[in-house]
Amino acid sequence: MPVGSLGDGRDETLALAAGRDGALARAAGRLAFGHWAARWWPASYLDGIPALEPDLLGLELAALTHTCQQLFDDVEDQPDADAAELIDVHADALGPLLRWWRSAPPGSVTAGRLDAVLRLIDDAADGAGLDGEAVRALRAALESRGTAGEPLEPAPAAGVGGLFARGRDYALAAGELRSAGGRLIARSTGTNDWRRYPPGFVDAAEHAVTWTASAVGAERRIEVDVVADGSAPATDVRLAAEVDVNGGPAHRVLLARRDDLWTGRAEVDLPDGGTPRVEVGVLMPGFDPGPGHGPGQGLDREPSTRADRDAVRALARRRLAEAEGEGAEQGSGRALERTGEWASEGTGEDHEPFLPFLAEIAAAASAEEDF
């Protein structure tokens, strides 16, 4: 699927899938897109693109997986095909999700979608025999709403985004070009190619990779700083920077997590005269899949370009803008009419499988405070 066509909403493949074979095809298309977002969403503090709360997205994917269960022959042989396992892994978001549902005005788009997701989760949990505290609370809440008509709870004081917010402490030395000591030779930004490390490790901004080359006595040193994603592990994981000077053999600089940065330095061979041509990129040793793999890439595609990454950012920003608009329509009265589908019949919206996820609505709400 061409990533560039997603950025401005022109992709005909998605529109065709949306209108084919009714509710199951719409749910399957939404499920596929949700798994893409779980892996390749371009979360960036520097670009102002908030991360999607993984447990909230995971629960909606569990609901969609349950809806699409007839498409899976053997869940043991297919990753992410077990709705019960997804519920168990992401159960921490059930409590906040229930609070959001209780405070959503009846009849609103979001209230209908929350109700649909929660009832599908309950049905999947019941079928799999799940019986944890969070699942029991869910079942009790649904039964209470169904029989007695629970009163509407006040909206959370911190807003919807605050229900799912995770602490992200950015010291924001991030993106600054720091001197490695000694006489400055050159400094610039590097290449941030998302294919070369797992999602959730590095801020997705193009200028998240910076480097400084210096002369310290007779030594020539390069220091690399990479802005870390807020969820990146602080220990037991090492990234590396690949440094190319004037087209020569690449040097590897090991990077360690320090606050909001992956950082490292090493000696390199730099010419005595003139300004060297230095290229720096970040990768995870042993993970780097090589050209033609990554968000929106097929096996026969050329390596990802900045245009591809810009298209993904454009897609994320467009979806967040739609999510922000939907979150503001709490009293619109456009309810979902069925708990098993993701939009009511007759709305005339061919792109319904790709309407904002609950995680996108929450992220858009949190962005108003964080960015």
# chains A, B, ... in the order shown; residues from 1 in each chain; ligands from 1
$ residues_around --residues "stretch 135-146 of chain A" --least-positions-apart "6" --cutoff "9 Å" --atoms "only C-alpha atoms" --output "list of chain:residue names"
A:Ile87, A:Ala91, A:Leu94, A:Gly95, A:Leu98, A:Arg102, A:Asp115, A:Leu118, A:Arg119, A:Ile121, A:Asp122, A:Ala125, A:Asp126
$ write_last_selection --atoms "N, CA and C atoms" --output "PDB file, in the first residue's frame"
ATOM      1  N   ILE A  87      -6.990  -9.086  25.671  1.00  0.00           N
ATOM      2  CA  ILE A  87      -7.678  -8.516  26.833  1.00  0.00           C
ATOM      3  C   ILE A  87      -6.837  -8.677  28.084  1.00  0.00           C
ATOM      4  N   ALA A  91      -5.360  -5.402  30.111  1.00  0.00           N
ATOM      5  CA  ALA A  91      -6.454  -5.223  31.075  1.00  0.00           C
ATOM      6  C   ALA A  91      -6.309  -3.961  31.921  1.00  0.00           C
ATOM      7  N   LEU A  94      -8.840  -1.246  31.235  1.00  0.00           N
ATOM      8  CA  LEU A  94     -10.285  -1.466  31.361  1.00  0.00           C
ATOM      9  C   LEU A  94     -10.930  -0.489  32.347  1.00  0.00           C
ATOM     10  N   GLY A  95     -10.274  -0.246  33.488  1.00  0.00           N
ATOM     11  CA  GLY A  95     -10.837   0.680  34.467  1.00  0.00           C
ATOM     12  C   GLY A  95     -11.014   2.084  33.912  1.00  0.00           C
ATOM     13  N   LEU A  98     -13.809   2.193  31.338  1.00  0.00           N
ATOM     14  CA  LEU A  98     -15.142   2.221  31.958  1.00  0.00           C
ATOM     15  C   LEU A  98     -15.494   3.617  32.461  1.00  0.00           C
ATOM     16  N   ARG A 102     -18.725   5.760  31.269  1.00  0.00           N
ATOM     17  CA  ARG A 102     -19.742   6.251  32.201  1.00  0.00           C
ATOM     18  C   ARG A 102     -19.949   7.758  32.106  1.00  0.00           C
ATOM     19  N   ASP A 115     -19.418   1.841  24.060  1.00  0.00           N
ATOM     20  CA  ASP A 115     -20.330   0.759  24.423  1.00  0.00           C
ATOM     21  C   ASP A 115     -20.071  -0.474  23.563  1.00  0.00           C
ATOM     22  N   LEU A 118     -16.722  -2.171  24.677  1.00  0.00           N
ATOM     23  CA  LEU A 118     -16.814  -2.824  25.984  1.00  0.00           C
ATOM     24  C   LEU A 118     -17.652  -4.093  25.920  1.00  0.00           C
ATOM     25  N   ARG A 119     -18.745  -4.075  25.173  1.00  0.00           N
ATOM     26  CA  ARG A 119     -19.587  -5.269  25.095  1.00  0.00           C
ATOM     27  C   ARG A 119     -18.905  -6.387  24.302  1.00  0.00           C
ATOM     28  N   ILE A 121     -15.647  -6.807  24.223  1.00  0.00           N
ATOM     29  CA  ILE A 121     -14.627  -7.305  25.152  1.00  0.00           C
ATOM     30  C   ILE A 121     -15.255  -8.249  26.165  1.00  0.00           C
ATOM     31  N   ASP A 122     -16.410  -7.874  26.692  1.00  0.00           N
ATOM     32  CA  ASP A 122     -17.100  -8.713  27.662  1.00  0.00           C
ATOM     33  C   ASP A 122     -17.476 -10.063  27.037  1.00  0.00           C
ATOM     34  N   ALA A 125     -14.296 -12.129  26.591  1.00  0.00           N
ATOM     35  CA  ALA A 125     -13.802 -12.605  27.891  1.00  0.00           C
ATOM     36  C   ALA A 125     -14.673 -13.732  28.425  1.00  0.00           C
ATOM     37  N   ASP A 126     -15.978 -13.586  28.266  1.00  0.00           N
ATOM     38  CA  ASP A 126     -16.908 -14.620  28.732  1.00  0.00           C
ATOM     39  C   ASP A 126     -16.696 -15.926  27.974  1.00  0.00           C
TER      40      ASP A 126
END
$ residues_around --residues "stretch 356-368 of chain A" --least-positions-apart "5" --cutoff "6 Å" --atoms "only C-alpha atoms" --output "MDAnalysis selection string"
chainID A and resid 50 52:53 56:57 160:161 320 323:324
$ closest_residue --among "A:Ala27, A:Ile185, A:Ile222, A:Ala241" --to "A:Arg265" --atoms "only C-alpha atoms"
A:Ile222
$ closest_residue --among "A:Ala51, A:Val117, A:Leu64, A:Val224" --to "A:Arg39" --atoms "only C-alpha atoms"
A:Ala51
$ closest_residue --among "A:Ala186, A:Ala63, A:Leu130, A:Ala208" --to "A:Leu114" --atoms "only C-alpha atoms"
A:Ala63
$ select_by_dssp --residues "stretch 101-244 of chain A" --states "helix (DSSP H, G or I)" --output "PyMOL selection string"
chain A and resi 101-103+109-128+133-147+159-164+194-196
$ closest_residue --among "A:Pro79, A:Pro54, A:Gly325, A:Pro106" --to "A:Trp40" --atoms "only C-alpha atoms"
A:Pro54
